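Q: Next up is a structure, given as structure tokens.
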Amino acid sequence: MATNKLTEVAIKKAKPKEKPFKLADGGGLYLEVMPNGSKYWRMKYRFGGKEKRLAFGVYPLISLASAREKTRLAKLELVEGKDPGEIKRQEKLSKRISASNTFSAIAAEYIKKKEIEGAAPVTLDKLKWIVDQKLSPFIGNTPVSEITSAKLLVPLRQIEIDGLHETANRAKRVAGQVMRYAVGLGLANRDPSQDLKDVLVTAKANHRAAITDPKELRKVLISIDSYSGTPEVRAALRLTPILFQRPGEIRQMEWAEINWEKEYWEIPAGKMKMRSAHIVPLPRQAIEILRELEPITGRNRYVMPSARRDGRPMSENGVRTALRSLGYSNDQVTPHGFRATARTILDEILHVRVDYIEQQLAHAVKDTNGRAYNRTRHLPERKEMMQVWADYLDALRVGKHRQEK
């Protein structure tokens, strides 16, 4: 058995020469001294009939004792029939792959997959917001293979501290979707969100605030008329109660979707929650609002573009913020709440057939044979209903309205 020859003193005294030279320690371990004075630990060994080298690092960062321990472990791998050089190479590759597969990177890949599958823009926006604003600041740079339930709990607890319990639960679901995607790709062993099933505060059912009292609705409509913000937000604010479509659908309205001749707005299936194209008849009041806005934003793709004119639609908080500026809290009025407002009043006060209303709300309405209505079903009746509704809102503003239920 070879005798160790090197000592710390001998290593420190070794001076560089014109060419690299080696100081052997025994058992294949040696120190290579470079002309610039750097000293590298190497181990020479044979595997599969070939002579190979294994690098252990730089002296003095790697001490003599550490180099000898690395040599001992490498020899144990050789005894087991393993190539220590190949093992080290695979470990480096694994670390490099792991470092590039961070939560943010895999989440972006997952969101792209959902986009290719045809997810609605509003769904994609919500996913991006949760990932970018709520999760990535805490675990974005962490490889998915290293994300544990304890690490995932950190951003979720912060969301709860902010009082956003529903958002915290939604963030947990999104994280779970990303992690299960990572598991499917072989980049993680499991989804740690499953361990947090009973940890977060259960969010109470939060029905979106909606006004169904005509007198209170009149006050809101008068306030909306007094709004003096940008033309885009003002138009979106005025159209929201008239058309009572989902906020995401209204803010992503495109000029190309407006049929001026037939006076309707056709929303493509890709934008709809139910994944079916939807027609919204435009009453005279909505046409007037759009005509007023056309000279301002008509050259843009979106009817209500982002204030930055960066090719994106108006912010999802545009109408909500406008309502807040008018003095209405989130518990009083929400953009989405106008859908419930329209449904209730059209049914209980204006006595419109419920199936017409549901069809216009783009709910999953079926006929007596169980077939889903298509986008043109009852279109003449719905067109009449939308004009009746817009006229009712106008009458409400000046105090001429029906209140009977």
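Letters A, B, ... mark the chains of the structure tokens in the order given; residue numbers begin at 1 per chain; ligand numbers begin at 1, in order shown.
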Excluding Leu29 in chain A and its own-chain neighbours fewer than 5 positions away, which residues fall within 12 Å of it when counting only C-alpha atoms? Please give them as JSON, numbers by chain.

A: {"A": [2, 3, 4, 5, 6, 22, 23, 24, 40, 41, 42, 43, 44, 45, 53, 54, 55, 56, 64, 65, 66, 67, 68, 69, 70, 71, 72, 74, 75]}

Q: Can you pull out every residue from range 248-284 of chain A that DSSP, working from the backbone, puts in helix (DSSP H, G or I), and format the result as a list in words?

A: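 Assigned to helix (DSSP H, G or I), within range 248-284 of chain A: Gly248, Glu249, Ile250, Arg251, Trp255, Ala256, Glu257, Ala269, Gly270, Lys271 and Arg284 of chain A.
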
Q: Convert the current residue selection to file output with C-alpha atoms, as an mmCIF file, in the first residue's frame.

A:
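After the write, out-v7.cif holds the following:
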data_model
loop_
_atom_site.group_PDB
_atom_site.id
_atom_site.type_symbol
_atom_site.label_atom_id
_atom_site.label_comp_id
_atom_site.auth_asym_id
_atom_site.auth_seq_id
_atom_site.Cartn_x
_atom_site.Cartn_y
_atom_site.Cartn_z
ATOM 1 C CA GLY A 248 -62.369 40.725 -18.819
ATOM 2 C CA GLU A 249 -64.493 40.437 -21.946
ATOM 3 C CA ILE A 250 -65.322 44.134 -21.968
ATOM 4 C CA ARG A 251 -61.763 45.379 -21.452
ATOM 5 C CA TRP A 255 -62.690 46.947 -32.961
ATOM 6 C CA ALA A 256 -62.584 44.009 -35.377
ATOM 7 C CA GLU A 257 -65.262 42.282 -33.266
ATOM 8 C CA ALA A 269 -64.686 31.466 -28.344
ATOM 9 C CA GLY A 270 -61.076 31.875 -27.202
ATOM 10 C CA LYS A 271 -62.043 34.821 -25.016
ATOM 11 C CA ARG A 284 -78.352 52.466 -29.415
#

Q: Can you tell me how far CA of Arg238 in chain A sits from CA of Ser325 in chain A, in Å to one decimal?

A: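 So the answer is 14.6 Å.
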
Q: Write out as a ChimeraX atom specification which residues come within 6 Å of range 280-282 of chain A when counting only C-alpha atoms, dropping same-chain ones fewer than 4 positions away.

A: /A:263-265,286,383

Q: Apply DSSP to the backbone of this structure and, from range 5-206 of chain A, keep only the residues in strand (DSSP E or B); write these as number ranges by chain.

A: A: 21-26, 29-33, 39-47, 50-59, 102, 143

Q: For range 114-128 of chain A, list every protein, DNA or RNA residue within 9 Å, evaluated using only C-alpha atoms, and leave out those in the same chain fewer than 3 positions away; present the list as a count of residues only.

A: 20

Q: Tell me which protein, DNA and RNA residues are within 9 Å of Leu152 in chain A, counting only C-alpha atoms, leaving out same-chain ones fewer than 5 positions away, and put them as a list of chain:residue names.

A: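 These residues fall inside the cut-off: A:Leu135, A:Phe138, A:Ile139, A:Ile147, A:Arg157, A:Lys172, A:Ala175, A:Pro192, A:Ser193, A:Leu196.
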
Q: Export, as a CSV table (one decimal), in the first residue's frame, the selected residues with N, CA and C atoms.

A:
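out26.csv was written with the following content:
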chain,number,residue,atom,x,y,z
A,135,LEU,N,-46.1,34.6,-6.0
A,135,LEU,CA,-45.3,33.4,-5.7
A,135,LEU,C,-43.8,33.6,-6.1
A,138,PHE,N,-40.9,35.1,-3.8
A,138,PHE,CA,-40.4,34.3,-2.7
A,138,PHE,C,-39.7,33.0,-3.2
A,139,ILE,N,-40.3,32.3,-4.2
A,139,ILE,CA,-39.7,31.0,-4.6
A,139,ILE,C,-39.4,31.0,-6.1
A,147,ILE,N,-38.3,22.7,-4.0
A,147,ILE,CA,-39.5,23.3,-3.3
A,147,ILE,C,-40.2,22.3,-2.4
A,157,ARG,N,-48.4,32.4,3.3
A,157,ARG,CA,-48.6,33.0,4.6
A,157,ARG,C,-48.5,34.6,4.4
A,172,LYS,N,-52.2,28.8,-3.9
A,172,LYS,CA,-51.8,27.4,-3.6
A,172,LYS,C,-52.2,26.4,-4.7
A,175,ALA,N,-49.8,27.0,-7.6
A,175,ALA,CA,-48.5,26.4,-7.3
A,175,ALA,C,-48.6,24.9,-7.5
A,192,PRO,N,-45.7,19.6,-3.5
A,192,PRO,CA,-45.8,19.8,-2.0
A,192,PRO,C,-47.0,20.6,-1.6
A,193,SER,N,-47.8,21.1,-2.5
A,193,SER,CA,-49.0,21.9,-2.1
A,193,SER,C,-50.0,20.9,-1.5
A,196,LEU,N,-50.4,21.0,2.2
A,196,LEU,CA,-50.9,22.2,2.8
A,196,LEU,C,-52.4,22.3,2.8
